[in-house]
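Engineer: Below you will find the structure I want to go over with you.
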Amino acid sequence: MHESLVEIVLRAIKEQFVSEKAFYTSQLGISPQSWDRWKKGNQGLKPENMNKISRLFTEYEWMLVQKVCRNATFFPEVKANPVNEYLAIKFHVAQTWVNSGMAKLEFKRENEDQLTEHHRKQNTTILRIEIGYDFWSYKDIIELRLPGVIQQQIKTDKLNLLEWFNQNIQDA
């Protein structure tokens, strides 16, 4: 289970940060040795650092990560490639939400100061897919990180965001 978590976390770090080192130094404040020991399963992380790792994901995505990690203990095909399993279920759920007509889609950009300060990747557009449940503060969110040019293409091609999503979600 730990190996699956590490693989999914490393994929998220690669997607969001300029390097692993940038993540564990700027976000966790730990040494390369501590990071390597955690990745190998030889050492745990403090609860506050595990909380910071969970923030690589939305709450809903973190729930999916936990389910994939659990399934990796039972199913060899999930254990063999937990990242693909996680991405497949994430995209499937996102597409289901969008096709239901209940989801709200929007582009989200991170503050430029935060990008530099926290060593985050630049030139990335975040497509946020949100579904609400008519209760205050209860909503689920999935975020897809896409090349920054995608937002420009949609604007210049006059494509509807929903049309683009349905045409391209499998390729993301």
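Identifiers in the structure tokens: chain A, B, ... in order shown; residue index from 1 per chain; ligand index from 1 in order shown.
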Mind listing the helix (DSSP H, G or I) residues of region 15-161 of chain A, per DSSP on the backbone, as an MDAnalysis selection string?

Structural biologist: chainID A and resid 15:16 20:28 32:40 47:54 59:72 76:80 82:100 112:117 149:156 161

Engineer: Show me, as JSON, numbers by chain, the residues that have an atom within 6 Å of region 15-21 of chain A when counting only C-alpha atoms, minus same-chain residues fewer than 5 positions from it.

Structural biologist: {"A": [119, 120, 121]}

Engineer: Excluding same-chain residues fewer than 4 positions from Leu5 (chain A), what lies within 8 Å of it counting only C-alpha atoms, as a PyMOL selection string?

Structural biologist: chain A and resi 1+9+65-66+69

Engineer: Given the selection you just returned, output its residues as a file containing all heavy atoms, formatted as an mmCIF file, in the first residue's frame.

Structural biologist:
```
data_model
loop_
_atom_site.group_PDB
_atom_site.id
_atom_site.type_symbol
_atom_site.label_atom_id
_atom_site.label_comp_id
_atom_site.auth_asym_id
_atom_site.auth_seq_id
_atom_site.Cartn_x
_atom_site.Cartn_y
_atom_site.Cartn_z
ATOM 1 N N MET A 1 0.830 -1.199 0.000
ATOM 2 C CA MET A 1 0.000 0.000 0.000
ATOM 3 C C MET A 1 0.866 1.252 0.000
ATOM 4 O O MET A 1 0.579 2.187 -0.721
ATOM 5 C CB MET A 1 -0.922 -0.029 1.220
ATOM 6 C CG MET A 1 -1.898 1.100 1.233
ATOM 7 S SD MET A 1 -3.195 0.774 2.420
ATOM 8 C CE MET A 1 -3.515 2.416 2.968
ATOM 9 N N VAL A 9 1.854 9.958 -5.196
ATOM 10 C CA VAL A 9 2.343 11.239 -4.671
ATOM 11 C C VAL A 9 3.456 11.777 -5.567
ATOM 12 O O VAL A 9 3.468 12.971 -5.904
ATOM 13 C CB VAL A 9 2.819 11.095 -3.204
ATOM 14 C CG1 VAL A 9 3.653 12.279 -2.766
ATOM 15 C CG2 VAL A 9 1.622 10.911 -2.281
ATOM 16 N N VAL A 65 -7.259 8.503 -3.951
ATOM 17 C CA VAL A 65 -5.906 7.979 -3.694
ATOM 18 C C VAL A 65 -5.987 6.880 -2.642
ATOM 19 O O VAL A 65 -5.399 5.800 -2.803
ATOM 20 C CB VAL A 65 -4.949 9.102 -3.228
ATOM 21 C CG1 VAL A 65 -3.641 8.527 -2.693
ATOM 22 C CG2 VAL A 65 -4.670 10.078 -4.366
ATOM 23 N N GLN A 66 -6.713 7.128 -1.555
ATOM 24 C CA GLN A 66 -6.834 6.135 -0.485
ATOM 25 C C GLN A 66 -7.480 4.851 -0.990
ATOM 26 O O GLN A 66 -7.049 3.745 -0.641
ATOM 27 C CB GLN A 66 -7.638 6.706 0.692
ATOM 28 C CG GLN A 66 -7.045 7.952 1.316
ATOM 29 C CD GLN A 66 -5.604 7.766 1.742
ATOM 30 O OE1 GLN A 66 -5.277 6.853 2.470
ATOM 31 N NE2 GLN A 66 -4.733 8.636 1.259
ATOM 32 N N CYS A 69 -4.979 2.956 -3.179
ATOM 33 C CA CYS A 69 -3.957 2.323 -2.333
ATOM 34 C C CYS A 69 -4.514 1.091 -1.635
ATOM 35 O O CYS A 69 -3.842 0.060 -1.538
ATOM 36 C CB CYS A 69 -3.407 3.321 -1.318
ATOM 37 S SG CYS A 69 -2.403 4.607 -2.073
#
```

Engineer: Kindly indicate which residue among A:Ser26, A:Thr96, A:Ser31, A:Ser4 lies nearest to Asn81 (chain A), using only C-alpha atoms for the distances.

Structural biologist: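 Ranking A:Ser26, A:Thr96, A:Ser31, A:Ser4 by distance to Asn81 (chain A), first place goes to A:Ser4.
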
Engineer: Which residues, written as a short mmCIF file (atom, residue, chain, number, x, y, z; two decimals) with N, CA and C atoms, in the first residue's frame, have at least one atom at most 8 Å from region 129-131 of chain A, with only C-alpha atoms counted and residues fewer than 4 positions away on the same chain left out?

Structural biologist:
```
data_model
loop_
_atom_site.label_atom_id
_atom_site.label_comp_id
_atom_site.auth_asym_id
_atom_site.auth_seq_id
_atom_site.Cartn_x
_atom_site.Cartn_y
_atom_site.Cartn_z
N ALA A 94 -14.62 12.47 -13.33
CA ALA A 94 -14.75 13.83 -13.88
C ALA A 94 -15.69 13.83 -15.09
N TRP A 97 -19.29 13.33 -14.00
CA TRP A 97 -19.85 14.55 -13.45
C TRP A 97 -20.22 15.53 -14.56
N VAL A 98 -19.32 15.71 -15.50
CA VAL A 98 -19.55 16.67 -16.59
C VAL A 98 -20.75 16.23 -17.43
N MET A 102 -24.44 18.35 -14.03
CA MET A 102 -24.46 18.96 -12.70
C MET A 102 -23.14 19.63 -12.33
N ALA A 103 -22.11 19.38 -13.10
CA ALA A 103 -20.79 19.89 -12.76
C ALA A 103 -20.59 21.30 -13.28
N LYS A 104 -19.79 22.02 -12.56
CA LYS A 104 -19.38 23.37 -12.96
C LYS A 104 -17.91 23.25 -13.37
N LEU A 105 -17.56 23.77 -14.54
CA LEU A 105 -16.19 23.74 -15.02
C LEU A 105 -15.65 25.16 -15.07
N GLU A 106 -14.42 25.32 -14.61
CA GLU A 106 -13.79 26.63 -14.69
C GLU A 106 -12.27 26.47 -14.69
N LYS A 139 -19.11 20.13 -1.31
CA LYS A 139 -18.95 19.97 -2.75
C LYS A 139 -17.69 19.15 -2.97
N ASP A 140 -17.65 18.49 -4.09
CA ASP A 140 -16.48 17.71 -4.46
C ASP A 140 -15.82 18.37 -5.66
N ILE A 141 -14.49 18.31 -5.67
CA ILE A 141 -13.72 18.98 -6.71
C ILE A 141 -12.66 18.03 -7.26
N ILE A 142 -12.53 18.04 -8.56
CA ILE A 142 -11.43 17.36 -9.24
C ILE A 142 -10.73 18.43 -10.05
N GLU A 143 -9.40 18.44 -9.97
CA GLU A 143 -8.62 19.40 -10.75
C GLU A 143 -7.73 18.67 -11.73
#
```

Engineer: Could you name the residues that touch Pro32 (chain A) at 12 Å or less, counting only C-alpha atoms, but leaving out those on the same chain fewer than 4 positions away, as a list in words?

Structural biologist: Glu20, Lys21, Ala22, Phe23, Tyr24, Thr25, Leu28, Asp36, Arg37, Trp38 and Lys39 of chain A

Engineer: Taking only C-alpha atoms into account, which of A:Lys90, A:Lys52, A:Lys14, A:Lys67 comes nearest Gly29 (chain A)?

Structural biologist: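 Closest to Gly29 (chain A), using only C-alpha atoms: A:Lys52.
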
Engineer: Please measure the separation of CA of Gly132 (chain A) and CA of Gly101 (chain A), giving the value in Å to one decimal.

Structural biologist: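 Result for CA of Gly132 (chain A) versus CA of Gly101 (chain A): 11.6 Å, one decimal.
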
Engineer: For CA of Arg128 (chain A) and CA of Lys108 (chain A), quote the distance in Å rounded to one decimal.

Structural biologist: 6.6 Å

Engineer: Between CA of Glu3 (chain A) and CA of Ala88 (chain A), what is the spacing in Å?

Structural biologist: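 Computing the Euclidean distance for CA of Ala88 (chain A) and CA of Glu3 (chain A) yields 18.4 Å.
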
Engineer: When you count only C-alpha atoms, which of these residues is closest to Ser54 (chain A): A:His92, A:Phe107, A:Gln27, A:Asp134?

Structural biologist: A:Gln27

Engineer: Could you check which of A:Leu127, A:Val6, A:Leu87, A:Met63 is closest to Gly41 (chain A), using only C-alpha atoms?

Structural biologist: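 Closest to Gly41 (chain A), using only C-alpha atoms: A:Val6.
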
Engineer: Which residue is closest to Arg109 (chain A)? Choose from A:Ile8, A:Phe91, A:Leu146, A:Glu77 and count only C-alpha atoms.

Structural biologist: A:Leu146

Engineer: Closest to His2 (chain A) among A:Lys79, A:Leu56, A:Trp62, A:Ser34, using only C-alpha atoms?

Structural biologist: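 Using only C-alpha atoms, the shortest distance to His2 (chain A) belongs to A:Lys79.
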